[in-house]
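Source file coords.txt; content: compact mmCIF, C-alpha atoms (C1' of nucleotides).
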```
# COMPACT_ATOMS: atom_id res chain seq x y z
CA MET X 1 0.00 0.00 0.00
CA ALA X 2 1.42 3.32 -0.99
CA TYR X 3 -0.96 5.59 0.79
CA ALA X 4 -3.89 5.34 3.11
CA GLN X 5 -6.35 7.62 4.77
CA PRO X 6 -7.88 6.30 8.02
CA ALA X 7 -10.70 4.54 6.17
CA HIS X 8 -13.65 6.78 6.88
CA LYS X 9 -16.82 4.92 6.15
CA SER X 10 -18.06 7.72 3.88
CA SER X 11 -17.48 11.37 4.49
CA ASN X 12 -18.96 11.84 7.91
CA HIS X 13 -16.44 13.82 9.79
CA HIS X 14 -18.92 16.01 11.49
CA ASP X 15 -18.84 15.55 15.21
CA GLY X 16 -18.73 18.24 17.83
CA TRP X 17 -14.96 18.09 18.02
CA SER X 18 -14.19 18.99 14.47
CA ALA X 19 -17.01 21.51 14.66
CA LEU X 20 -15.33 23.38 17.50
CA ALA X 21 -11.84 22.92 16.09
CA ASP X 22 -12.12 25.94 13.83
CA PRO X 23 -11.54 29.30 15.54
CA THR X 24 -14.13 31.13 13.48
CA ARG X 25 -16.67 28.48 14.30
CA ARG X 26 -15.82 28.71 17.97
CA ALA X 27 -16.36 32.47 17.79
CA ILE X 28 -19.76 31.88 16.22
CA PHE X 29 -20.53 29.35 18.91
CA GLU X 30 -19.70 31.90 21.58
CA LEU X 31 -21.72 34.66 19.97
CA ILE X 32 -24.74 32.42 19.85
CA ALA X 33 -24.16 31.32 23.41
CA GLU X 34 -24.28 34.95 24.45
CA ARG X 35 -27.78 35.17 23.03
CA PRO X 36 -29.71 33.61 20.14
CA ARG X 37 -29.05 35.47 16.90
CA PRO X 38 -29.95 35.57 13.23
CA VAL X 39 -27.21 34.79 10.71
CA GLY X 40 -26.59 38.37 9.63
CA ASP X 41 -26.08 39.51 13.17
CA VAL X 42 -23.42 36.86 13.70
CA ALA X 43 -21.68 37.85 10.46
CA ASP X 44 -21.62 41.52 11.52
CA HIS X 45 -19.45 40.58 14.48
CA LEU X 46 -16.91 38.60 12.46
CA PRO X 47 -14.31 39.33 9.79
CA VAL X 48 -15.73 36.78 7.36
CA SER X 49 -18.52 36.96 4.81
CA ARG X 50 -22.10 36.05 5.55
CA PRO X 51 -22.05 32.92 3.37
CA ALA X 52 -19.05 31.70 5.34
CA VAL X 53 -21.10 32.09 8.50
CA SER X 54 -23.94 30.15 6.92
CA GLN X 55 -21.57 27.33 6.11
CA HIS X 56 -20.18 27.29 9.62
CA LEU X 57 -23.65 27.26 11.11
CA LYS X 58 -24.49 24.24 9.00
CA VAL X 59 -21.52 22.41 10.45
CA LEU X 60 -22.45 23.39 14.00
CA LYS X 61 -26.00 22.30 13.36
CA ASP X 62 -24.96 18.94 11.89
CA ALA X 63 -22.82 18.44 14.96
CA GLY X 64 -25.87 18.99 17.14
CA LEU X 65 -24.39 22.01 18.86
CA VAL X 66 -26.95 24.55 17.67
CA VAL X 67 -30.54 24.56 16.50
CA ASP X 68 -32.36 27.10 14.36
CA ARG X 69 -35.88 28.36 14.09
CA PRO X 70 -37.26 30.48 11.25
CA ILE X 71 -38.80 33.74 12.39
CA GLY X 72 -40.38 35.48 9.44
CA ASN X 73 -37.60 36.40 7.12
CA ARG X 74 -34.78 35.26 9.34
CA ARG X 75 -33.40 32.18 11.06
CA ILE X 76 -32.59 32.44 14.71
CA TYR X 77 -29.82 30.18 15.90
CA ARG X 78 -29.34 29.18 19.50
CA LEU X 79 -27.23 26.65 21.40
CA ASN X 80 -28.41 23.09 21.75
CA PRO X 81 -27.83 22.01 25.36
CA ASP X 82 -27.89 18.33 24.43
CA GLY X 83 -24.98 18.61 22.03
CA VAL X 84 -22.88 20.54 24.49
CA GLU X 85 -23.72 18.08 27.21
CA ALA X 86 -22.58 15.14 25.10
CA MET X 87 -19.11 16.60 24.73
CA ARG X 88 -19.03 17.57 28.35
CA ALA X 89 -19.81 13.98 29.35
CA TYR X 90 -17.02 12.65 27.15
CA LEU X 91 -14.44 14.95 28.71
CA ASP X 92 -15.74 14.24 32.17
CA ARG X 93 -15.05 10.58 31.70
CA PHE X 94 -11.46 11.08 30.61
CA TRP X 95 -10.87 13.73 33.16
CA ASN X 96 -11.66 11.20 35.86
CA GLN X 97 -9.37 8.67 34.25
CA ALA X 98 -6.64 11.25 33.97
CA LEU X 99 -6.93 12.13 37.62
CA ALA X 100 -6.80 8.48 38.62
CA ALA X 101 -3.73 7.85 36.50
CA PHE X 102 -2.12 10.94 37.88
CA LYS X 103 -2.68 9.76 41.40
CA VAL X 104 -1.13 6.39 40.59
CA ALA X 105 1.89 8.06 39.06
CA ALA X 106 2.32 10.27 42.10
CA GLU X 107 2.27 7.23 44.37
CA GLN X 108 4.83 5.45 42.25
CA ARG X 109 7.12 8.44 42.45
CA ALA X 110 6.69 8.47 46.21
CA GLN X 111 7.78 4.83 46.36
CA GLU X 112 10.80 5.55 44.21
CA VAL X 113 11.96 8.02 46.80
CA GLU X 114 11.81 5.55 49.67
CA MET T 1 -9.78 41.67 -1.41
CA ALA T 2 -9.92 38.53 -3.46
CA TYR T 3 -9.19 36.00 -0.80
CA ALA T 4 -8.57 35.85 2.90
CA GLN T 5 -7.74 33.29 5.49
CA PRO T 6 -8.81 34.15 9.05
CA ALA T 7 -5.58 36.00 9.75
CA HIS T 8 -3.82 33.69 12.14
CA LYS T 9 -1.02 35.48 13.85
CA SER T 10 1.52 32.86 12.81
CA SER T 11 0.82 29.18 12.62
CA ASN T 12 -0.43 28.40 16.08
CA HIS T 13 -3.51 26.39 15.56
CA HIS T 14 -2.82 23.95 18.26
CA ASP T 15 -5.44 24.08 20.95
CA GLY T 16 -7.19 21.13 22.50
CA TRP T 17 -10.10 21.43 20.11
CA SER T 18 -8.22 20.92 16.91
CA ALA T 19 -6.17 18.28 18.70
CA LEU T 20 -9.26 16.20 19.44
CA ALA T 21 -10.88 16.93 16.10
CA ASP T 22 -9.03 14.14 14.36
CA PRO T 23 -10.48 10.65 14.88
CA THR T 24 -7.11 8.93 14.97
CA ARG T 25 -5.90 11.40 17.53
CA ARG T 26 -9.00 10.84 19.61
CA ALA T 27 -8.33 7.11 19.49
CA ILE T 28 -4.79 7.73 20.70
CA PHE T 29 -6.13 9.95 23.43
CA GLU T 30 -8.47 7.19 24.58
CA LEU T 31 -5.76 4.52 24.49
CA ILE T 32 -3.57 6.67 26.67
CA ALA T 33 -6.45 7.41 28.97
CA GLU T 34 -6.92 3.71 29.47
CA ARG T 35 -3.38 3.52 30.77
CA PRO T 36 -0.06 5.27 30.14
CA ARG T 37 1.72 3.76 27.15
CA PRO T 38 4.89 3.99 25.07
CA VAL T 39 4.56 5.08 21.45
CA GLY T 40 4.98 1.67 19.90
CA ASP T 41 2.25 0.20 22.03
CA VAL T 42 -0.16 2.87 20.86
CA ALA T 43 0.78 2.27 17.23
CA ASP T 44 0.18 -1.46 17.61
CA HIS T 45 -3.46 -0.73 18.38
CA LEU T 46 -4.06 1.50 15.39
CA PRO T 47 -4.13 1.10 11.61
CA VAL T 48 -1.55 3.84 11.04
CA SER T 49 2.23 3.82 11.05
CA ARG T 50 4.35 4.56 14.08
CA PRO T 51 5.63 7.88 12.75
CA ALA T 52 2.04 8.98 12.28
CA VAL T 53 1.44 8.22 15.94
CA SER T 54 4.52 10.20 16.89
CA GLN T 55 3.20 13.18 14.96
CA HIS T 56 -0.20 12.91 16.60
CA LEU T 57 1.36 12.66 20.02
CA LYS T 58 3.27 15.83 19.35
CA VAL T 59 0.02 17.63 18.57
CA LEU T 60 -1.64 16.29 21.70
CA LYS T 61 1.37 17.29 23.75
CA ASP T 62 1.46 20.81 22.29
CA ALA T 63 -2.22 21.09 23.13
CA GLY T 64 -1.42 20.23 26.73
CA LEU T 65 -3.56 17.11 26.70
CA VAL T 66 -0.76 14.61 27.33
CA VAL T 67 2.66 14.58 28.91
CA ASP T 68 5.54 12.20 28.36
CA ARG T 69 8.36 10.83 30.42
CA PRO T 70 11.38 8.95 29.11
CA ILE T 71 11.85 5.56 30.69
CA GLY T 72 15.08 4.06 29.47
CA ASN T 73 14.69 3.48 25.81
CA ARG T 74 11.06 4.52 25.56
CA ARG T 75 8.77 7.45 26.16
CA ILE T 76 5.69 6.85 28.25
CA TYR T 77 2.76 9.09 27.45
CA ARG T 78 -0.08 9.75 29.84
CA LEU T 79 -3.00 12.16 30.04
CA ASN T 80 -2.52 15.61 31.43
CA PRO T 81 -5.42 16.36 33.78
CA ASP T 82 -4.89 20.11 33.48
CA GLY T 83 -5.41 20.17 29.74
CA VAL T 84 -8.55 18.09 29.93
CA GLU T 85 -9.85 20.23 32.74
CA ALA T 86 -9.40 23.41 30.70
CA MET T 87 -11.64 22.13 27.95
CA ARG T 88 -14.10 20.81 30.45
CA ALA T 89 -14.35 24.23 32.05
CA TYR T 90 -14.96 25.88 28.69
CA LEU T 91 -17.84 23.55 27.87
CA ASP T 92 -19.24 23.87 31.34
CA ARG T 93 -19.59 27.58 30.91
CA PHE T 94 -21.46 27.33 27.63
CA TRP T 95 -23.52 24.47 28.84
CA ASN T 96 -24.86 26.70 31.58
CA GLN T 97 -25.55 29.46 29.11
CA ALA T 98 -27.29 27.03 26.81
CA LEU T 99 -29.50 25.80 29.58
CA ALA T 100 -30.44 29.32 30.58
CA ALA T 101 -31.28 30.28 27.02
CA PHE T 102 -33.27 27.12 26.63
CA LYS T 103 -35.31 27.94 29.67
CA VAL T 104 -36.02 31.42 28.38
CA ALA T 105 -37.13 30.03 25.03
CA ALA T 106 -39.41 27.54 26.72
CA GLU T 107 -41.07 30.30 28.70
CA GLN T 108 -41.57 32.39 25.58
CA ARG T 109 -43.25 29.48 23.88
CA ALA T 110 -45.48 29.03 26.87
CA GLN T 111 -46.56 32.66 26.60
CA GLU T 112 -47.28 32.27 22.91
CA VAL T 113 -49.77 29.58 23.75
CA GLU T 114 -51.68 31.75 26.21
C1' DC U 1 -46.77 43.93 -7.19
C1' DG U 2 -41.55 45.65 -7.98
C1' DG U 3 -37.65 46.37 -4.82
C1' DT U 4 -35.23 45.05 -0.68
C1' DT U 5 -33.59 42.09 2.87
C1' DG U 6 -32.14 37.66 4.82
C1' DC U 7 -29.99 33.26 3.94
C1' DG U 8 -28.82 29.00 1.92
C1' DT U 9 -26.03 26.79 -1.95
C1' DA U 10 -22.65 26.21 -5.82
C1' DA U 11 -18.16 26.66 -7.86
C1' DG U 12 -13.50 27.32 -7.36
C1' DC U 13 -9.19 28.62 -5.12
C1' DC U 14 -5.49 27.95 -1.69
C1' DT U 15 -3.82 26.31 2.61
C1' DA U 16 -3.76 23.00 6.34
C1' DT U 17 -3.12 18.52 7.56
C1' DG U 18 -2.85 13.40 7.92
C1' DC U 19 -0.52 9.84 5.86
C1' DT U 20 3.54 7.35 3.93
C1' DT U 21 8.58 6.08 3.40
C1' DA U 22 13.30 7.18 4.54
C1' DC U 23 16.57 8.53 7.78
C1' DC U 24 19.00 9.51 12.23
C1' DG U 25 19.94 9.66 16.98
C1' DT U 26 20.05 7.17 21.58
C1' DA U 27 19.53 3.37 24.83
C1' DA U 28 19.81 -1.87 25.56
C1' DG U 29 21.60 -6.47 24.90
C1' DC U 30 24.86 -9.85 23.45
C1' DG I 1 31.81 -2.34 20.32
C1' DC I 2 28.10 -4.19 16.87
C1' DT I 3 23.31 -5.04 16.41
C1' DT I 4 18.74 -4.29 17.48
C1' DA I 5 14.71 -1.70 19.40
C1' DC I 6 12.41 2.72 20.16
C1' DG I 7 11.00 6.88 18.58
C1' DG I 8 11.48 11.63 16.68
C1' DT I 9 12.04 14.31 12.19
C1' DA I 10 12.05 15.32 7.07
C1' DA I 11 10.13 15.23 2.53
C1' DG I 12 6.39 14.67 -0.32
C1' DC I 13 1.71 13.57 -1.74
C1' DA I 14 -3.53 13.68 -1.70
C1' DT I 15 -7.57 15.11 0.47
C1' DA I 16 -10.25 18.02 3.61
C1' DG I 17 -11.90 22.26 4.50
C1' DG I 18 -12.40 27.40 4.97
C1' DC I 19 -12.81 31.37 2.28
C1' DT I 20 -14.63 34.23 -1.59
C1' DT I 21 -17.94 35.67 -5.31
C1' DA I 22 -22.21 34.67 -7.79
C1' DC I 23 -26.73 33.16 -7.70
C1' DG I 24 -31.56 31.83 -6.34
C1' DC I 25 -35.52 31.91 -3.52
C1' DA I 26 -38.76 33.38 0.19
C1' DA I 27 -40.56 36.79 3.19
C1' DC I 28 -41.35 41.67 4.10
C1' DC I 29 -42.21 46.64 2.64
C1' DG I 30 -43.73 50.71 -0.02
```
Go ahead and render the structure in this file as structure tokens.
Amino acid sequence: MAYAQPAHKSSNHHDGWSALADPTRRAIFELIAERPRPVGDVADHLPVSRPAVSQHLKVLKDAGLVVDRPIGNRRIYRLNPDGVEAMRAYLDRFWNQALAAFKVAAEQRAQEVE
Amino acid sequence: MAYAQPAHKSSNHHDGWSALADPTRRAIFELIAERPRPVGDVADHLPVSRPAVSQHLKVLKDAGLVVDRPIGNRRIYRLNPDGVEAMRAYLDRFWNQALAAFKVAAEQRAQEVE
DNA sequence: CGGTTGCGTAAGCCTATGCTTACCGTAAGC
DNA sequence: GCTTACGGTAAGCATAGGCTTACGCAACCG
């Protein structure tokens, strides 16, 4: 084999992690967290074009981090607590493991000193 | 202006979010969470080459998510609780905001029904 | 109703990045 | 001291992905 990508089943790369990996997208995420906003309002606060914001919002939505609701002419985006909670739970789990491992390591060091 | 990237100050893109965005890197993260491991051991559990693992570990280390310690011939990598905690704290904050906004939205809907 | 406003989508460019193979130190083992 | 094991780094390639402009459509406004 000369070359290999990690064998993605199709093209689904769109979890919360890659969604928040991009700085612009994280800025959008934070703006929306501040208060629910229509697309144009978000774009006004950022140095990128409005279509770029639309594209980012699609990614955030696919990742389950935001939801939108049409209000007349506009779409209001707001955070989706469930999506945020899912990532929080993941980190929580590994944080506990990290702490446990850390404690073990500390004890081993203590024994080395004896 | 014909084209513009988001104006990164230099090339520092390496926060915990982009570190965990890659599926292979997340797998490495989880293997190390399970228990501290040398590089080769991690590579044995993944469908990518050892140098690829080395590169991923460098990213995770730069992001502050893992630390390493040389033991004789090998380097043992383990999770860094501080790095995980930082991301956890970030999500926590927005989770609270999301919940608050959600509550407000629910109340507004309730009023609409009246 | 014609004009305006708000937003999603398409096409296309350029950079970032994940992978591979090749190579080079350094520590262990005989 | 050689040989082997471990792992970091370099070079190079192919795809992913973030941005822009152009466009289309629906809702609102006079």
Enumerate as a count of residues only the residues belonging to chain U that approach chain X to within 7 Å, with only C-alpha atoms (C1' of nucleotides) taken into account. 3
Please determine the contact residues of chain X with respect to chain T at a cut-off of 6 Å, counting all atoms listed in the file, and supply them as a PyMOL selection string. chain X and resi 17-18+21+79+81+84+95+98-99
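The chain I residues that come within 8 Å of chain T are DC6, DG7, DG8, DG18, DC19 and DT20 of chain I, with all atoms listed in the file taken into account.
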What is the CA of Ile71 in chain T-C1' of DA22 in chain U distance in Å, reported with one decimal?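 Here the two named atoms are 26.2 Å from each other.
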Expressed in Å to a single decimal, how great is the separation between C1' of DG18 in chain U and CA of Leu31 in chain T?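 Computing it gives 19.0 Å between the two atoms.
Residues lying within 12 Å of DC23 in chain U, counting only C-alpha atoms (C1' of nucleotides) and ignoring same-chain neighbours fewer than 3 positions away, are DG8, DT9, DA10 and DA11 of chain I.
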For C-alpha atoms (C1' of nucleotides), I'd like the residues from the last selection saved as a CSV table (one decimal), in the frame of the given file.
```
chain,number,residue,atom,x,y,z
I,8,DG,C1',11.5,11.6,16.7
I,9,DT,C1',12.0,14.3,12.2
I,10,DA,C1',12.0,15.3,7.1
I,11,DA,C1',10.1,15.2,2.5
```
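Here CA of Tyr77 in chain X and C1' of DA22 in chain I stand 25.3 Å from one another.
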Polymer residues at most 12 Å from DC1 in chain U, all atoms listed in the file, same-chain spacing of 2 or more positions, as a PDB file with C-alpha atoms (C1' of nucleotides), in the coordinates of the input:
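In the end it all went to around34.pdb:
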```pdb
ATOM      1  C1'  DG U   3     -37.650  46.370  -4.820  1.00  0.00           C
TER       2       DG U   3
ATOM      3  C1'  DC I  29     -42.210  46.640   2.640  1.00  0.00           C
ATOM      4  C1'  DG I  30     -43.730  50.710  -0.020  1.00  0.00           C
TER       5       DG I  30
END
```
Would you kindly return, as a VMD selection string, each protein, DNA or RNA residue with an atom no farther than 12 Å from any atom of DT3 in chain I, considering all atoms listed in the file and excluding same-chain residues fewer than 5 positions away? chain U and resid 28 to 30
Range 48-83 of chain T from the block above: N, CA and C atoms written as a PDB file, in the first residue's frame:
```
ATOM      1  N   VAL T  48      -2.484   2.911  11.669  1.00  0.00           N
ATOM      2  CA  VAL T  48      -1.548   3.842  11.043  1.00  0.00           C
ATOM      3  C   VAL T  48      -0.127   3.532  11.477  1.00  0.00           C
ATOM      4  N   SER T  49       0.825   4.112  10.773  1.00  0.00           N
ATOM      5  CA  SER T  49       2.233   3.821  11.046  1.00  0.00           C
ATOM      6  C   SER T  49       2.696   4.471  12.347  1.00  0.00           C
ATOM      7  N   ARG T  50       3.819   4.006  12.840  1.00  0.00           N
ATOM      8  CA  ARG T  50       4.345   4.561  14.079  1.00  0.00           C
ATOM      9  C   ARG T  50       4.718   6.037  13.960  1.00  0.00           C
ATOM     10  N   PRO T  51       5.356   6.442  12.863  1.00  0.00           N
ATOM     11  CA  PRO T  51       5.634   7.878  12.751  1.00  0.00           C
ATOM     12  C   PRO T  51       4.366   8.736  12.804  1.00  0.00           C
ATOM     13  N   ALA T  52       3.301   8.232  12.218  1.00  0.00           N
ATOM     14  CA  ALA T  52       2.043   8.977  12.283  1.00  0.00           C
ATOM     15  C   ALA T  52       1.633   9.173  13.739  1.00  0.00           C
ATOM     16  N   VAL T  53       1.791   8.121  14.524  1.00  0.00           N
ATOM     17  CA  VAL T  53       1.440   8.218  15.943  1.00  0.00           C
ATOM     18  C   VAL T  53       2.325   9.247  16.631  1.00  0.00           C
ATOM     19  N   SER T  54       3.606   9.227  16.306  1.00  0.00           N
ATOM     20  CA  SER T  54       4.524  10.204  16.888  1.00  0.00           C
ATOM     21  C   SER T  54       4.053  11.623  16.596  1.00  0.00           C
ATOM     22  N   GLN T  55       3.662  11.846  15.345  1.00  0.00           N
ATOM     23  CA  GLN T  55       3.200  13.182  14.963  1.00  0.00           C
ATOM     24  C   GLN T  55       1.937  13.567  15.730  1.00  0.00           C
ATOM     25  N   HIS T  56       1.036  12.625  15.863  1.00  0.00           N
ATOM     26  CA  HIS T  56      -0.197  12.907  16.598  1.00  0.00           C
ATOM     27  C   HIS T  56       0.098  13.215  18.059  1.00  0.00           C
ATOM     28  N   LEU T  57       1.027  12.450  18.618  1.00  0.00           N
ATOM     29  CA  LEU T  57       1.356  12.662  20.024  1.00  0.00           C
ATOM     30  C   LEU T  57       1.961  14.052  20.231  1.00  0.00           C
ATOM     31  N   LYS T  58       2.709  14.492  19.247  1.00  0.00           N
ATOM     32  CA  LYS T  58       3.273  15.832  19.355  1.00  0.00           C
ATOM     33  C   LYS T  58       2.165  16.888  19.413  1.00  0.00           C
ATOM     34  N   VAL T  59       1.149  16.691  18.568  1.00  0.00           N
ATOM     35  CA  VAL T  59       0.024  17.632  18.567  1.00  0.00           C
ATOM     36  C   VAL T  59      -0.690  17.609  19.916  1.00  0.00           C
ATOM     37  N   LEU T  60      -0.948  16.418  20.416  1.00  0.00           N
ATOM     38  CA  LEU T  60      -1.644  16.288  21.698  1.00  0.00           C
ATOM     39  C   LEU T  60      -0.816  16.906  22.825  1.00  0.00           C
ATOM     40  N   LYS T  61       0.490  16.745  22.719  1.00  0.00           N
ATOM     41  CA  LYS T  61       1.369  17.292  23.745  1.00  0.00           C
ATOM     42  C   LYS T  61       1.378  18.822  23.679  1.00  0.00           C
ATOM     43  N   ASP T  62       1.483  19.356  22.458  1.00  0.00           N
ATOM     44  CA  ASP T  62       1.464  20.815  22.293  1.00  0.00           C
ATOM     45  C   ASP T  62       0.147  21.406  22.802  1.00  0.00           C
ATOM     46  N   ALA T  63      -0.908  20.625  22.680  1.00  0.00           N
ATOM     47  CA  ALA T  63      -2.220  21.093  23.131  1.00  0.00           C
ATOM     48  C   ALA T  63      -2.356  20.963  24.645  1.00  0.00           C
ATOM     49  N   GLY T  64      -1.377  20.365  25.278  1.00  0.00           N
ATOM     50  CA  GLY T  64      -1.416  20.229  26.733  1.00  0.00           C
ATOM     51  C   GLY T  64      -2.310  19.107  27.209  1.00  0.00           C
ATOM     52  N   LEU T  65      -2.649  18.189  26.310  1.00  0.00           N
ATOM     53  CA  LEU T  65      -3.562  17.109  26.695  1.00  0.00           C
ATOM     54  C   LEU T  65      -2.832  15.875  27.205  1.00  0.00           C
ATOM     55  N   VAL T  66      -1.552  15.737  26.822  1.00  0.00           N
ATOM     56  CA  VAL T  66      -0.763  14.615  27.326  1.00  0.00           C
ATOM     57  C   VAL T  66       0.616  15.112  27.749  1.00  0.00           C
ATOM     58  N   VAL T  67       1.272  14.314  28.549  1.00  0.00           N
ATOM     59  CA  VAL T  67       2.662  14.580  28.907  1.00  0.00           C
ATOM     60  C   VAL T  67       3.433  13.291  28.713  1.00  0.00           C
ATOM     61  N   ASP T  68       4.745  13.404  28.565  1.00  0.00           N
ATOM     62  CA  ASP T  68       5.538  12.198  28.362  1.00  0.00           C
ATOM     63  C   ASP T  68       6.730  12.204  29.291  1.00  0.00           C
ATOM     64  N   ARG T  69       7.190  10.994  29.564  1.00  0.00           N
ATOM     65  CA  ARG T  69       8.360  10.834  30.421  1.00  0.00           C
ATOM     66  C   ARG T  69       9.223   9.740  29.840  1.00  0.00           C
ATOM     67  N   PRO T  70      10.506   9.997  29.652  1.00  0.00           N
ATOM     68  CA  PRO T  70      11.378   8.951  29.105  1.00  0.00           C
ATOM     69  C   PRO T  70      11.690   7.917  30.177  1.00  0.00           C
ATOM     70  N   ILE T  71      11.495   6.670  29.796  1.00  0.00           N
ATOM     71  CA  ILE T  71      11.852   5.559  30.686  1.00  0.00           C
ATOM     72  C   ILE T  71      12.809   4.688  29.907  1.00  0.00           C
ATOM     73  N   GLY T  72      14.069   4.809  30.207  1.00  0.00           N
ATOM     74  CA  GLY T  72      15.075   4.058  29.466  1.00  0.00           C
ATOM     75  C   GLY T  72      14.980   4.388  27.998  1.00  0.00           C
ATOM     76  N   ASN T  73      14.718   3.356  27.254  1.00  0.00           N
ATOM     77  CA  ASN T  73      14.686   3.479  25.809  1.00  0.00           C
ATOM     78  C   ASN T  73      13.418   4.142  25.286  1.00  0.00           C
ATOM     79  N   ARG T  74      12.370   4.153  26.075  1.00  0.00           N
ATOM     80  CA  ARG T  74      11.057   4.518  25.562  1.00  0.00           C
ATOM     81  C   ARG T  74      10.529   5.800  26.183  1.00  0.00           C
ATOM     82  N   ARG T  75       9.465   6.306  25.575  1.00  0.00           N
ATOM     83  CA  ARG T  75       8.767   7.454  26.164  1.00  0.00           C
ATOM     84  C   ARG T  75       7.362   7.020  26.532  1.00  0.00           C
ATOM     85  N   ILE T  76       7.025   7.202  27.793  1.00  0.00           N
ATOM     86  CA  ILE T  76       5.692   6.850  28.253  1.00  0.00           C
ATOM     87  C   ILE T  76       4.812   8.100  28.202  1.00  0.00           C
ATOM     88  N   TYR T  77       3.702   7.979  27.524  1.00  0.00           N
ATOM     89  CA  TYR T  77       2.755   9.093  27.454  1.00  0.00           C
ATOM     90  C   TYR T  77       1.577   8.816  28.365  1.00  0.00           C
ATOM     91  N   ARG T  78       1.144   9.889  29.036  1.00  0.00           N
ATOM     92  CA  ARG T  78      -0.077   9.753  29.837  1.00  0.00           C
ATOM     93  C   ARG T  78      -0.872  11.036  29.742  1.00  0.00           C
ATOM     94  N   LEU T  79      -2.147  10.978  30.134  1.00  0.00           N
ATOM     95  CA  LEU T  79      -3.002  12.157  30.037  1.00  0.00           C
ATOM     96  C   LEU T  79      -2.533  13.250  30.977  1.00  0.00           C
ATOM     97  N   ASN T  80      -2.788  14.470  30.568  1.00  0.00           N
ATOM     98  CA  ASN T  80      -2.521  15.612  31.429  1.00  0.00           C
ATOM     99  C   ASN T  80      -3.849  16.170  31.949  1.00  0.00           C
ATOM    100  N   PRO T  81      -4.127  15.949  33.223  1.00  0.00           N
ATOM    101  CA  PRO T  81      -5.423  16.357  33.783  1.00  0.00           C
ATOM    102  C   PRO T  81      -5.709  17.840  33.561  1.00  0.00           C
ATOM    103  N   ASP T  82      -4.673  18.674  33.616  1.00  0.00           N
ATOM    104  CA  ASP T  82      -4.886  20.109  33.483  1.00  0.00           C
ATOM    105  C   ASP T  82      -5.478  20.463  32.123  1.00  0.00           C
ATOM    106  N   GLY T  83      -4.931  19.869  31.078  1.00  0.00           N
ATOM    107  CA  GLY T  83      -5.414  20.171  29.743  1.00  0.00           C
ATOM    108  C   GLY T  83      -6.863  19.755  29.555  1.00  0.00           C
TER     109      GLY T  83
END
```
